[in-house]
file entry_39.pdb (PDB, C-alpha atoms)
ATOM      1  CA  MET A  18       0.000   0.000   0.000
ATOM      2  CA  THR A  19       2.823   2.402   0.778
ATOM      3  CA  PRO A  20       4.202   4.311  -2.204
ATOM      4  CA  ASP A  21       7.954   3.882  -2.903
ATOM      5  CA  LEU A  22       9.380   7.120  -1.500
ATOM      6  CA  PRO A  23      13.152   7.568  -1.173
ATOM      7  CA  VAL A  24      14.298   6.673   2.357
ATOM      8  CA  ASP A  25      15.573  10.180   3.071
ATOM      9  CA  VAL A  26      12.120  11.661   2.252
ATOM     10  CA  VAL A  27      10.496   9.228   4.694
ATOM     11  CA  GLU A  28      13.076  10.101   7.366
ATOM     12  CA  LEU A  29      12.513  13.814   6.684
ATOM     13  CA  ILE A  30       8.772  13.342   7.358
ATOM     14  CA  GLY A  31       9.638  11.636  10.665
ATOM     15  CA  SER A  32      12.054  14.406  11.650
ATOM     16  CA  VAL A  33       9.570  17.198  10.857
ATOM     17  CA  ALA A  34       6.891  15.278  12.794
ATOM     18  CA  GLY A  35       9.253  15.064  15.766
ATOM     19  CA  VAL A  36      10.087  18.779  15.643
ATOM     20  CA  PHE A  37       6.361  19.709  15.466
ATOM     21  CA  THR A  38       5.198  17.432  18.328
ATOM     22  CA  THR A  39       8.150  18.624  20.447
ATOM     23  CA  LEU A  40       7.948  22.374  19.900
ATOM     24  CA  ALA A  41       4.120  22.368  19.968
ATOM     25  CA  PHE A  42       4.266  22.798  23.746
ATOM     26  CA  LEU A  43       6.157  26.108  23.499
ATOM     27  CA  PRO A  44       3.052  28.254  22.702
ATOM     28  CA  GLN A  45       1.303  26.733  25.745
ATOM     29  CA  VAL A  46       4.272  27.564  27.986
ATOM     30  CA  LEU A  47       4.348  31.152  26.677
ATOM     31  CA  GLN A  48       0.567  31.602  27.048
ATOM     32  CA  ILE A  49       0.571  30.399  30.660
ATOM     33  CA  TRP A  50       3.655  32.528  31.421
ATOM     34  CA  ARG A  51       1.850  35.574  29.988
ATOM     35  CA  THR A  52      -1.546  35.038  31.641
ATOM     36  CA  HIS A  53      -0.528  33.152  34.829
ATOM     37  CA  SER A  54      -3.799  31.291  34.289
ATOM     38  CA  THR A  55      -3.902  27.486  34.118
ATOM     39  CA  ARG A  56      -7.483  26.716  35.186
ATOM     40  CA  ASP A  57      -8.498  25.086  31.862
ATOM     41  CA  VAL A  58      -5.253  23.122  31.523
ATOM     42  CA  SER A  59      -5.718  19.550  32.772
ATOM     43  CA  LEU A  60      -3.422  18.565  35.640
ATOM     44  CA  GLY A  61      -4.152  14.890  34.935
ATOM     45  CA  MET A  62      -3.023  15.248  31.313
ATOM     46  CA  TYR A  63       0.373  16.701  32.204
ATOM     47  CA  LEU A  64       1.007  14.221  35.060
ATOM     48  CA  ILE A  65       0.387  11.291  32.677
ATOM     49  CA  PHE A  66       2.124  12.950  29.716
ATOM     50  CA  CYS A  67       5.302  13.803  31.663
ATOM     51  CA  SER A  68       5.452  10.204  32.962
ATOM     52  CA  GLY A  69       5.102   8.887  29.416
ATOM     53  CA  VAL A  70       7.754  11.229  27.996
ATOM     54  CA  THR A  71      10.124  10.209  30.809
ATOM     55  CA  LEU A  72       9.618   6.560  29.803
ATOM     56  CA  TRP A  73      10.306   7.499  26.136
ATOM     57  CA  LEU A  74      13.539   9.137  27.310
ATOM     58  CA  VAL A  75      14.569   5.953  29.163
ATOM     59  CA  TYR A  76      13.580   3.908  26.084
ATOM     60  CA  GLY A  77      15.688   6.146  23.826
ATOM     61  CA  LEU A  78      18.705   5.739  26.133
ATOM     62  CA  LEU A  79      18.227   1.955  26.242
ATOM     63  CA  ILE A  80      18.071   1.591  22.439
ATOM     64  CA  GLY A  81      20.788   4.214  21.964
ATOM     65  CA  SER A  82      18.682   6.481  19.730
ATOM     66  CA  VAL A  83      19.861  10.103  19.818
ATOM     67  CA  PRO A  84      16.725  11.523  18.033
ATOM     68  CA  VAL A  85      14.392   9.799  20.533
ATOM     69  CA  VAL A  86      16.487  11.054  23.481
ATOM     70  CA  VAL A  87      16.813  14.652  22.186
ATOM     71  CA  ALA A  88      13.137  15.022  21.142
ATOM     72  CA  ASN A  89      11.835  13.654  24.434
ATOM     73  CA  ALA A  90      14.322  15.644  26.563
ATOM     74  CA  VAL A  91      13.047  18.876  24.971
ATOM     75  CA  THR A  92       9.402  17.758  25.257
ATOM     76  CA  LEU A  93       9.923  16.819  28.915
ATOM     77  CA  ALA A  94      11.483  20.226  29.651
ATOM     78  CA  LEU A  95       8.494  22.056  28.104
ATOM     79  CA  ALA A  96       5.751  19.762  29.464
ATOM     80  CA  SER A  97       7.203  19.726  32.993
ATOM     81  CA  THR A  98       7.399  23.547  32.887
ATOM     82  CA  ILE A  99       3.640  23.572  32.175
ATOM     83  CA  LEU A 100       3.091  21.028  34.968
ATOM     84  CA  GLY A 101       5.194  23.127  37.376
ATOM     85  CA  MET A 102       3.273  26.327  36.609
ATOM     86  CA  LYS A 103      -0.026  24.446  36.921
ATOM     87  CA  LEU A 104       0.964  23.157  40.382
ATOM     88  CA  ALA A 105       2.421  26.534  41.462
ATOM     89  CA  TRP A 106      -0.623  28.663  40.553
ATOM     90  CA  ARG A 107      -3.282  26.044  41.283
ATOM     91  CA  LYS A 108      -3.852  27.096  44.913
ATOM     92  CA  GLY A 109      -4.475  30.677  43.870
ATOM     93  CA  GLU A 110      -7.063  29.505  41.341
ATOM     94  CA  GLN A 111      -8.799  27.223  43.864
ATOM     95  CA  ALA A 112      -8.950  30.070  46.408
ATOM     96  CA  ALA A 113     -10.388  32.393  43.765
ATOM     97  CA  ALA A 114     -12.986  29.796  42.798
ATOM     98  CA  GLU A 115     -14.252  29.358  46.402
ATOM     99  CA  PRO A 116     -17.186  31.603  47.270
ATOM    100  CA  VAL A 117     -16.276  34.235  49.879
ATOM    101  CA  VAL A 118     -18.538  33.710  52.891
TER     102      VAL A 118
ATOM    103  CA  MET B 178      26.321   3.151  29.309
ATOM    104  CA  THR B 179      23.036   1.303  28.759
ATOM    105  CA  PRO B 180      22.485  -1.626  31.092
ATOM    106  CA  ASP B 181      21.832  -5.010  29.377
ATOM    107  CA  LEU B 182      18.069  -5.385  29.771
ATOM    108  CA  PRO B 183      16.208  -8.179  27.968
ATOM    109  CA  VAL B 184      14.761  -6.922  24.669
ATOM    110  CA  ASP B 185      11.185  -7.573  25.758
ATOM    111  CA  VAL B 186      11.660  -5.361  28.872
ATOM    112  CA  VAL B 187      12.960  -2.530  26.685
ATOM    113  CA  GLU B 188      10.024  -2.973  24.277
ATOM    114  CA  LEU B 189       7.627  -3.023  27.253
ATOM    115  CA  ILE B 190       9.005   0.363  28.392
ATOM    116  CA  GLY B 191       8.424   1.738  24.894
ATOM    117  CA  SER B 192       4.871   0.363  24.773
ATOM    118  CA  VAL B 193       3.932   1.780  28.190
ATOM    119  CA  ALA B 194       5.472   5.138  27.154
ATOM    120  CA  GLY B 195       3.315   5.088  24.029
ATOM    121  CA  VAL B 196       0.131   4.276  25.941
ATOM    122  CA  PHE B 197       0.828   7.085  28.471
ATOM    123  CA  THR B 198       1.635   9.803  25.884
ATOM    124  CA  THR B 199      -1.419   8.745  23.835
ATOM    125  CA  LEU B 200      -4.050   8.479  26.556
ATOM    126  CA  ALA B 201      -2.698  11.556  28.424
ATOM    127  CA  PHE B 202      -4.965  13.750  26.287
ATOM    128  CA  LEU B 203      -8.139  12.026  27.533
ATOM    129  CA  PRO B 204      -8.318  13.933  30.874
ATOM    130  CA  GLN B 205      -7.983  17.226  28.937
ATOM    131  CA  VAL B 206     -10.825  16.239  26.588
ATOM    132  CA  LEU B 207     -13.044  15.289  29.564
ATOM    133  CA  GLN B 208     -12.221  18.501  31.483
ATOM    134  CA  ILE B 209     -13.062  20.739  28.521
ATOM    135  CA  TRP B 210     -16.230  18.728  27.833
ATOM    136  CA  ARG B 211     -17.284  19.184  31.472
ATOM    137  CA  THR B 212     -16.445  22.891  31.799
ATOM    138  CA  HIS B 213     -16.919  24.101  28.188
ATOM    139  CA  SER B 214     -13.980  26.376  28.997
ATOM    140  CA  THR B 215     -10.849  26.443  26.819
ATOM    141  CA  ARG B 216      -9.484  29.940  27.451
ATOM    142  CA  ASP B 217      -6.175  28.749  29.016
ATOM    143  CA  VAL B 218      -5.618  26.021  26.414
ATOM    144  CA  SER B 219      -3.249  27.235  23.682
ATOM    145  CA  LEU B 220      -4.726  27.182  20.173
ATOM    146  CA  GLY B 221      -1.206  27.432  18.723
ATOM    147  CA  MET B 222      -0.114  24.317  20.608
ATOM    148  CA  TYR B 223      -2.920  22.135  19.279
ATOM    149  CA  LEU B 224      -2.606  23.437  15.684
ATOM    150  CA  ILE B 225       1.101  22.542  15.662
ATOM    151  CA  PHE B 226       0.633  19.320  17.645
ATOM    152  CA  CYS B 227      -2.144  17.974  15.386
ATOM    153  CA  SER B 228       0.002  18.729  12.306
ATOM    154  CA  GLY B 229       2.919  16.870  13.868
ATOM    155  CA  VAL B 230       0.823  13.860  14.856
ATOM    156  CA  THR B 231      -0.617  13.712  11.320
ATOM    157  CA  LEU B 232       2.951  13.575   9.971
ATOM    158  CA  TRP B 233       3.772  10.768  12.464
ATOM    159  CA  LEU B 234       0.708   8.905  11.140
ATOM    160  CA  VAL B 235       1.958   9.293   7.533
ATOM    161  CA  TYR B 236       5.451   8.234   8.685
ATOM    162  CA  GLY B 237       4.044   5.134  10.396
ATOM    163  CA  LEU B 238       2.130   4.173   7.228
ATOM    164  CA  LEU B 239       5.244   4.692   5.084
ATOM    165  CA  ILE B 240       7.460   2.503   7.292
ATOM    166  CA  GLY B 241       4.646  -0.011   7.822
ATOM    167  CA  SER B 242       4.723   0.274  11.645
ATOM    168  CA  VAL B 243       1.377  -0.702  13.212
ATOM    169  CA  PRO B 244       2.260   0.642  16.735
ATOM    170  CA  VAL B 245       3.241   4.062  15.300
ATOM    171  CA  VAL B 246       0.036   4.187  13.210
ATOM    172  CA  VAL B 247      -2.286   3.062  16.046
ATOM    173  CA  ALA B 248      -0.727   5.315  18.737
ATOM    174  CA  ASN B 249      -0.813   8.385  16.513
ATOM    175  CA  ALA B 250      -4.315   7.686  15.190
ATOM    176  CA  VAL B 251      -5.640   7.654  18.782
ATOM    177  CA  THR B 252      -3.574  10.728  19.731
ATOM    178  CA  LEU B 253      -4.841  12.573  16.642
ATOM    179  CA  ALA B 254      -8.457  11.725  17.500
ATOM    180  CA  LEU B 255      -8.057  13.093  21.051
ATOM    181  CA  ALA B 256      -5.929  16.151  20.163
ATOM    182  CA  SER B 257      -8.184  17.162  17.250
ATOM    183  CA  THR B 258     -11.204  16.865  19.570
ATOM    184  CA  ILE B 259      -9.519  19.389  21.879
ATOM    185  CA  LEU B 260      -8.692  21.595  18.872
ATOM    186  CA  GLY B 261     -12.300  21.352  17.630
ATOM    187  CA  MET B 262     -13.751  22.331  21.021
ATOM    188  CA  LYS B 263     -11.236  25.173  21.314
ATOM    189  CA  LEU B 264     -12.284  26.544  17.897
ATOM    190  CA  ALA B 265     -15.996  25.972  18.576
ATOM    191  CA  TRP B 266     -16.139  27.773  21.948
ATOM    192  CA  ARG B 267     -13.483  30.382  21.208
ATOM    193  CA  LYS B 268     -15.898  33.024  19.885
ATOM    194  CA  GLY B 269     -17.989  32.779  23.041
ATOM    195  CA  GLU B 270     -14.874  33.317  25.163
ATOM    196  CA  GLN B 271     -13.718  36.281  23.066
ATOM    197  CA  ALA B 272     -17.174  37.886  23.331
ATOM    198  CA  ALA B 273     -17.166  37.360  27.085
ATOM    199  CA  ALA B 274     -13.731  38.924  27.365
ATOM    200  CA  GLU B 275     -14.751  42.112  25.511
ATOM    201  CA  PRO B 276     -15.966  44.896  27.786
ATOM    202  CA  VAL B 277     -19.661  45.666  27.337
ATOM    203  CA  VAL B 278     -19.969  49.304  26.263
TER     204      VAL B 278
END

call {"tool": "encode", "arguments": {"input": "entry_39.pdb", "output": "structure tokens"}}
result
Amino acid sequence: MTPDLPVDVVELIGSVAGVFTTLAFLPQVLQIWRTHSTRDVSLGMYLIFCSGVTLWLVYGLLIGSVPVVVANAVTLALASTILGMKLAWRKGEQAAAEPVV
Amino acid sequence: MTPDLPVDVVELIGSVAGVFTTLAFLPQVLQIWRTHSTRDVSLGMYLIFCSGVTLWLVYGLLIGSVPVVVANAVTLALASTILGMKLAWRKGEQAAAEPVV
């Protein structure tokens, strides 16, 4: 089913995919940094995602794959920054959400 | 540097990593569905991320890798759901943000 594309074109598609799915988290980091607001960002998502990316990093080290290690190290840095900001500003958001009696 | 782990243990780590980074988006989908609020979720992130995951899907088809295709098909379904809800409810949020004159 797969068309016969030269290997380097196929690898280029994989590399561009890796760059996109890695750097995609940068706009979210910048938005949260600008607004200091994380209410709509799911804590559960980033706890699970950071665990998964950490496992990908371990996997990349075990198979000795530099692209897997580099891509997941950058993704982990960005995703854990989002997780850190979410945890840091969460109390403020909970307090703001509670009705003042 | 890498310890000698049996191949199936290494592959297990990769599989669990894939399941985590795929299903991580489910809590974000459920939160947005429950709150109908996407203001803090970055539109830029999900535009770039969905493009990247689509490229991973094409890459997986080209190299004939079922795990890459399945993981990225599920991730694309979840991430594009978030993107769709963000686009759908964005106007409402912008209108709410504008001061009433």

call {"tool": "resolve_selection", "arguments": {"input": "entry_39.pdb", "expression": "the PyMOL selection byres ((chain A and resi 104) around 12)", "output": "list in words"}}
result
His53, Ser54, Thr55, Arg56, Val58, Ser59, Leu60, Gly61, Tyr63, Leu64, Ser97, Thr98, Ile99, Leu100, Gly101, Met102, Lys103, Ala105, Trp106, Arg107, Lys108, Gly109, Glu110 and Gln111 of chain A

call {"tool": "calpha_fit_and_write", "arguments": {"input": "entry_39.pdb", "fixed": "chain A", "moving": "chain B", "output": "short mmCIF file (atom, residue, chain, number, x, y, z; two decimals) with C-alpha atoms, in the frame of the given file"}}
result
data_model
loop_
_atom_site.label_atom_id
_atom_site.label_comp_id
_atom_site.auth_asym_id
_atom_site.auth_seq_id
_atom_site.Cartn_x
_atom_site.Cartn_y
_atom_site.Cartn_z
CA MET B 178 -0.11 0.13 -0.08
CA THR B 179 2.81 2.44 0.76
CA PRO B 180 4.17 4.37 -2.20
CA ASP B 181 7.93 3.91 -2.89
CA LEU B 182 9.38 7.14 -1.50
CA PRO B 183 13.15 7.57 -1.18
CA VAL B 184 14.32 6.67 2.34
CA ASP B 185 15.58 10.18 3.04
CA VAL B 186 12.11 11.66 2.24
CA VAL B 187 10.49 9.23 4.68
CA GLU B 188 13.09 10.09 7.35
CA LEU B 189 12.52 13.80 6.67
CA ILE B 190 8.78 13.33 7.35
CA GLY B 191 9.64 11.62 10.64
CA SER B 192 12.06 14.39 11.63
CA VAL B 193 9.59 17.19 10.85
CA ALA B 194 6.89 15.26 12.79
CA GLY B 195 9.25 15.06 15.75
CA VAL B 196 10.09 18.76 15.65
CA PHE B 197 6.37 19.69 15.46
CA THR B 198 5.21 17.41 18.32
CA THR B 199 8.16 18.60 20.45
CA LEU B 200 7.97 22.35 19.91
CA ALA B 201 4.13 22.35 19.97
CA PHE B 202 4.26 22.79 23.75
CA LEU B 203 6.15 26.10 23.50
CA PRO B 204 3.05 28.24 22.69
CA GLN B 205 1.29 26.71 25.74
CA VAL B 206 4.26 27.55 27.99
CA LEU B 207 4.33 31.15 26.67
CA GLN B 208 0.54 31.59 27.04
CA ILE B 209 0.54 30.40 30.66
CA TRP B 210 3.62 32.53 31.42
CA ARG B 211 1.83 35.58 29.97
CA THR B 212 -1.56 35.03 31.62
CA HIS B 213 -0.56 33.17 34.83
CA SER B 214 -3.82 31.28 34.27
CA THR B 215 -3.92 27.47 34.10
CA ARG B 216 -7.49 26.70 35.18
CA ASP B 217 -8.51 25.07 31.84
CA VAL B 218 -5.27 23.10 31.51
CA SER B 219 -5.72 19.53 32.76
CA LEU B 220 -3.41 18.55 35.63
CA GLY B 221 -4.16 14.87 34.93
CA MET B 222 -3.02 15.23 31.32
CA TYR B 223 0.37 16.69 32.20
CA LEU B 224 1.01 14.22 35.06
CA ILE B 225 0.39 11.29 32.69
CA PHE B 226 2.13 12.95 29.72
CA CYS B 227 5.31 13.79 31.67
CA SER B 228 5.47 10.20 32.97
CA GLY B 229 5.11 8.89 29.43
CA VAL B 230 7.76 11.22 28.01
CA THR B 231 10.15 10.20 30.82
CA LEU B 232 9.64 6.56 29.80
CA TRP B 233 10.33 7.49 26.14
CA LEU B 234 13.56 9.15 27.33
CA VAL B 235 14.59 5.95 29.18
CA TYR B 236 13.60 3.91 26.09
CA GLY B 237 15.71 6.15 23.83
CA LEU B 238 18.73 5.75 26.15
CA LEU B 239 18.26 1.96 26.25
CA ILE B 240 18.10 1.61 22.45
CA GLY B 241 20.84 4.21 21.97
CA SER B 242 18.69 6.48 19.75
CA VAL B 243 19.89 10.11 19.84
CA PRO B 244 16.76 11.54 18.05
CA VAL B 245 14.42 9.80 20.55
CA VAL B 246 16.51 11.06 23.50
CA VAL B 247 16.83 14.65 22.21
CA ALA B 248 13.15 15.01 21.16
CA ASN B 249 11.86 13.65 24.45
CA ALA B 250 14.32 15.63 26.57
CA VAL B 251 13.05 18.87 24.99
CA THR B 252 9.40 17.75 25.26
CA LEU B 253 9.93 16.82 28.92
CA ALA B 254 11.48 20.22 29.67
CA LEU B 255 8.49 22.05 28.11
CA ALA B 256 5.75 19.75 29.48
CA SER B 257 7.20 19.73 33.01
CA THR B 258 7.37 23.54 32.89
CA ILE B 259 3.63 23.56 32.18
CA LEU B 260 3.08 21.02 34.97
CA GLY B 261 5.18 23.12 37.38
CA MET B 262 3.25 26.32 36.60
CA LYS B 263 -0.05 24.44 36.91
CA LEU B 264 0.94 23.15 40.38
CA ALA B 265 2.39 26.52 41.45
CA TRP B 266 -0.65 28.65 40.54
CA ARG B 267 -3.31 26.04 41.28
CA LYS B 268 -3.87 27.08 44.91
CA GLY B 269 -4.49 30.67 43.84
CA GLU B 270 -7.09 29.49 41.32
CA GLN B 271 -8.81 27.22 43.86
CA ALA B 272 -8.96 30.08 46.38
CA ALA B 273 -10.41 32.38 43.74
CA ALA B 274 -13.02 29.80 42.83
CA GLU B 275 -14.26 29.40 46.43
CA PRO B 276 -17.15 31.69 47.33
CA VAL B 277 -16.20 34.32 49.90
CA VAL B 278 -18.44 33.82 52.94
#

call {"tool": "resolve_selection", "arguments": {"input": "entry_39.pdb", "expression": "the PyMOL selection byres ((chain B) within 9 of (chain A))", "output": "number ranges by chain"}}
result
B: 178-182, 187-188, 190-191, 193-206, 208-209, 212, 214-233, 235-241

call {"tool": "atom_distance", "arguments": {"input": "entry_39.pdb", "atom1": "CA of Val245 (chain B)", "atom2": "CA of Val85 (chain A)"}}
result
13.6 Å

call {"tool": "atom_distance", "arguments": {"input": "entry_39.pdb", "atom1": "CA of Asn89 (chain A)", "atom2": "CA of Ala248 (chain B)"}}
result
16.1 Å

call {"tool": "atom_distance", "arguments": {"input": "entry_39.pdb", "atom1": "CA of Pro244 (chain B)", "atom2": "CA of Val91 (chain A)"}}
result
22.7 Å

call {"tool": "decode", "arguments": {"input": "entry_39.pdb", "residues": "region 197-208 of chain B", "atoms": "all heavy atoms", "output": "PDB file, in the first residue's frame"}}
result
ATOM      1  N   PHE B 197       0.955   5.880  27.611  1.00  0.00           N
ATOM      2  CA  PHE B 197       0.828   7.085  28.471  1.00  0.00           C
ATOM      3  C   PHE B 197       0.708   8.350  27.615  1.00  0.00           C
ATOM      4  O   PHE B 197      -0.178   9.175  27.819  1.00  0.00           O
ATOM      5  CB  PHE B 197       2.054   7.193  29.390  1.00  0.00           C
ATOM      6  CG  PHE B 197       1.915   6.480  30.703  1.00  0.00           C
ATOM      7  CD1 PHE B 197       1.372   5.192  30.772  1.00  0.00           C
ATOM      8  CD2 PHE B 197       2.331   7.075  31.894  1.00  0.00           C
ATOM      9  CE1 PHE B 197       1.250   4.518  31.970  1.00  0.00           C
ATOM     10  CE2 PHE B 197       2.210   6.413  33.116  1.00  0.00           C
ATOM     11  CZ  PHE B 197       1.667   5.135  33.144  1.00  0.00           C
ATOM     12  N   THR B 198       1.625   8.540  26.645  1.00  0.00           N
ATOM     13  CA  THR B 198       1.635   9.803  25.884  1.00  0.00           C
ATOM     14  C   THR B 198       0.441   9.871  24.920  1.00  0.00           C
ATOM     15  O   THR B 198       0.125  10.945  24.420  1.00  0.00           O
ATOM     16  CB  THR B 198       2.946   9.970  25.086  1.00  0.00           C
ATOM     17  OG1 THR B 198       3.221   8.767  24.372  1.00  0.00           O
ATOM     18  CG2 THR B 198       4.108  10.286  26.017  1.00  0.00           C
ATOM     19  N   THR B 199      -0.214   8.744  24.675  1.00  0.00           N
ATOM     20  CA  THR B 199      -1.419   8.745  23.835  1.00  0.00           C
ATOM     21  C   THR B 199      -2.650   9.056  24.673  1.00  0.00           C
ATOM     22  O   THR B 199      -3.391   9.991  24.383  1.00  0.00           O
ATOM     23  CB  THR B 199      -1.579   7.368  23.152  1.00  0.00           C
ATOM     24  OG1 THR B 199      -0.459   7.147  22.285  1.00  0.00           O
ATOM     25  CG2 THR B 199      -2.868   7.300  22.347  1.00  0.00           C
ATOM     26  N   LEU B 200      -2.833   8.309  25.752  1.00  0.00           N
ATOM     27  CA  LEU B 200      -4.050   8.479  26.556  1.00  0.00           C
ATOM     28  C   LEU B 200      -3.994   9.712  27.462  1.00  0.00           C
ATOM     29  O   LEU B 200      -5.007  10.108  28.045  1.00  0.00           O
ATOM     30  CB  LEU B 200      -4.301   7.217  27.395  1.00  0.00           C
ATOM     31  CG  LEU B 200      -4.610   5.960  26.575  1.00  0.00           C
ATOM     32  CD1 LEU B 200      -4.967   4.798  27.495  1.00  0.00           C
ATOM     33  CD2 LEU B 200      -5.760   6.217  25.583  1.00  0.00           C
ATOM     34  N   ALA B 201      -2.823  10.370  27.553  1.00  0.00           N
ATOM     35  CA  ALA B 201      -2.698  11.556  28.424  1.00  0.00           C
ATOM     36  C   ALA B 201      -3.702  12.632  28.030  1.00  0.00           C
ATOM     37  O   ALA B 201      -4.148  13.405  28.867  1.00  0.00           O
ATOM     38  CB  ALA B 201      -1.274  12.118  28.340  1.00  0.00           C
ATOM     39  N   PHE B 202      -4.086  12.671  26.749  1.00  0.00           N
ATOM     40  CA  PHE B 202      -4.965  13.750  26.287  1.00  0.00           C
ATOM     41  C   PHE B 202      -6.416  13.532  26.705  1.00  0.00           C
ATOM     42  O   PHE B 202      -7.231  14.458  26.641  1.00  0.00           O
ATOM     43  CB  PHE B 202      -4.861  13.896  24.763  1.00  0.00           C
ATOM     44  CG  PHE B 202      -3.525  14.412  24.327  1.00  0.00           C
ATOM     45  CD1 PHE B 202      -2.482  13.531  24.082  1.00  0.00           C
ATOM     46  CD2 PHE B 202      -3.280  15.772  24.225  1.00  0.00           C
ATOM     47  CE1 PHE B 202      -1.231  14.003  23.719  1.00  0.00           C
ATOM     48  CE2 PHE B 202      -2.036  16.252  23.867  1.00  0.00           C
ATOM     49  CZ  PHE B 202      -1.004  15.368  23.612  1.00  0.00           C
ATOM     50  N   LEU B 203      -6.741  12.325  27.157  1.00  0.00           N
ATOM     51  CA  LEU B 203      -8.139  12.026  27.533  1.00  0.00           C
ATOM     52  C   LEU B 203      -8.619  12.896  28.704  1.00  0.00           C
ATOM     53  O   LEU B 203      -9.690  13.507  28.606  1.00  0.00           O
ATOM     54  CB  LEU B 203      -8.261  10.525  27.864  1.00  0.00           C
ATOM     55  CG  LEU B 203      -9.683   9.982  27.991  1.00  0.00           C
ATOM     56  CD1 LEU B 203     -10.497  10.283  26.726  1.00  0.00           C
ATOM     57  CD2 LEU B 203      -9.652   8.472  28.257  1.00  0.00           C
ATOM     58  N   PRO B 204      -7.845  13.051  29.789  1.00  0.00           N
ATOM     59  CA  PRO B 204      -8.318  13.933  30.874  1.00  0.00           C
ATOM     60  C   PRO B 204      -8.564  15.360  30.403  1.00  0.00           C
ATOM     61  O   PRO B 204      -9.498  16.020  30.854  1.00  0.00           O
ATOM     62  CB  PRO B 204      -7.169  13.896  31.885  1.00  0.00           C
ATOM     63  CG  PRO B 204      -6.386  12.689  31.575  1.00  0.00           C
ATOM     64  CD  PRO B 204      -6.565  12.423  30.122  1.00  0.00           C
ATOM     65  N   GLN B 205      -7.769  15.850  29.438  1.00  0.00           N
ATOM     66  CA  GLN B 205      -7.983  17.226  28.937  1.00  0.00           C
ATOM     67  C   GLN B 205      -9.280  17.293  28.135  1.00  0.00           C
ATOM     68  O   GLN B 205     -10.033  18.280  28.269  1.00  0.00           O
ATOM     69  CB  GLN B 205      -6.802  17.660  28.066  1.00  0.00           C
ATOM     70  CG  GLN B 205      -6.901  19.087  27.540  1.00  0.00           C
ATOM     71  CD  GLN B 205      -6.722  20.143  28.616  1.00  0.00           C
ATOM     72  OE1 GLN B 205      -5.608  20.422  29.066  1.00  0.00           O
ATOM     73  NE2 GLN B 205      -7.806  20.746  29.067  1.00  0.00           N
ATOM     74  N   VAL B 206      -9.566  16.270  27.352  1.00  0.00           N
ATOM     75  CA  VAL B 206     -10.825  16.239  26.588  1.00  0.00           C
ATOM     76  C   VAL B 206     -12.005  16.256  27.559  1.00  0.00           C
ATOM     77  O   VAL B 206     -12.949  17.037  27.420  1.00  0.00           O
ATOM     78  CB  VAL B 206     -10.897  14.971  25.700  1.00  0.00           C
ATOM     79  CG1 VAL B 206     -12.287  14.820  25.087  1.00  0.00           C
ATOM     80  CG2 VAL B 206      -9.841  15.022  24.601  1.00  0.00           C
ATOM     81  N   LEU B 207     -11.923  15.412  28.606  1.00  0.00           N
ATOM     82  CA  LEU B 207     -13.044  15.289  29.564  1.00  0.00           C
ATOM     83  C   LEU B 207     -13.232  16.591  30.338  1.00  0.00           C
ATOM     84  O   LEU B 207     -14.369  17.032  30.557  1.00  0.00           O
ATOM     85  CB  LEU B 207     -12.796  14.111  30.508  1.00  0.00           C
ATOM     86  CG  LEU B 207     -12.726  12.733  29.838  1.00  0.00           C
ATOM     87  CD1 LEU B 207     -12.358  11.649  30.855  1.00  0.00           C
ATOM     88  CD2 LEU B 207     -14.032  12.390  29.128  1.00  0.00           C
ATOM     89  N   GLN B 208     -12.104  17.250  30.713  1.00  0.00           N
ATOM     90  CA  GLN B 208     -12.221  18.501  31.483  1.00  0.00           C
ATOM     91  C   GLN B 208     -12.903  19.576  30.651  1.00  0.00           C
ATOM     92  O   GLN B 208     -13.800  20.277  31.111  1.00  0.00           O
ATOM     93  CB  GLN B 208     -10.844  18.991  31.946  1.00  0.00           C
ATOM     94  CG  GLN B 208     -10.921  20.328  32.682  1.00  0.00           C
ATOM     95  CD  GLN B 208      -9.627  20.720  33.347  1.00  0.00           C
ATOM     96  OE1 GLN B 208      -8.878  19.877  33.833  1.00  0.00           O
ATOM     97  NE2 GLN B 208      -9.351  22.016  33.371  1.00  0.00           N
TER      98      GLN B 208
END
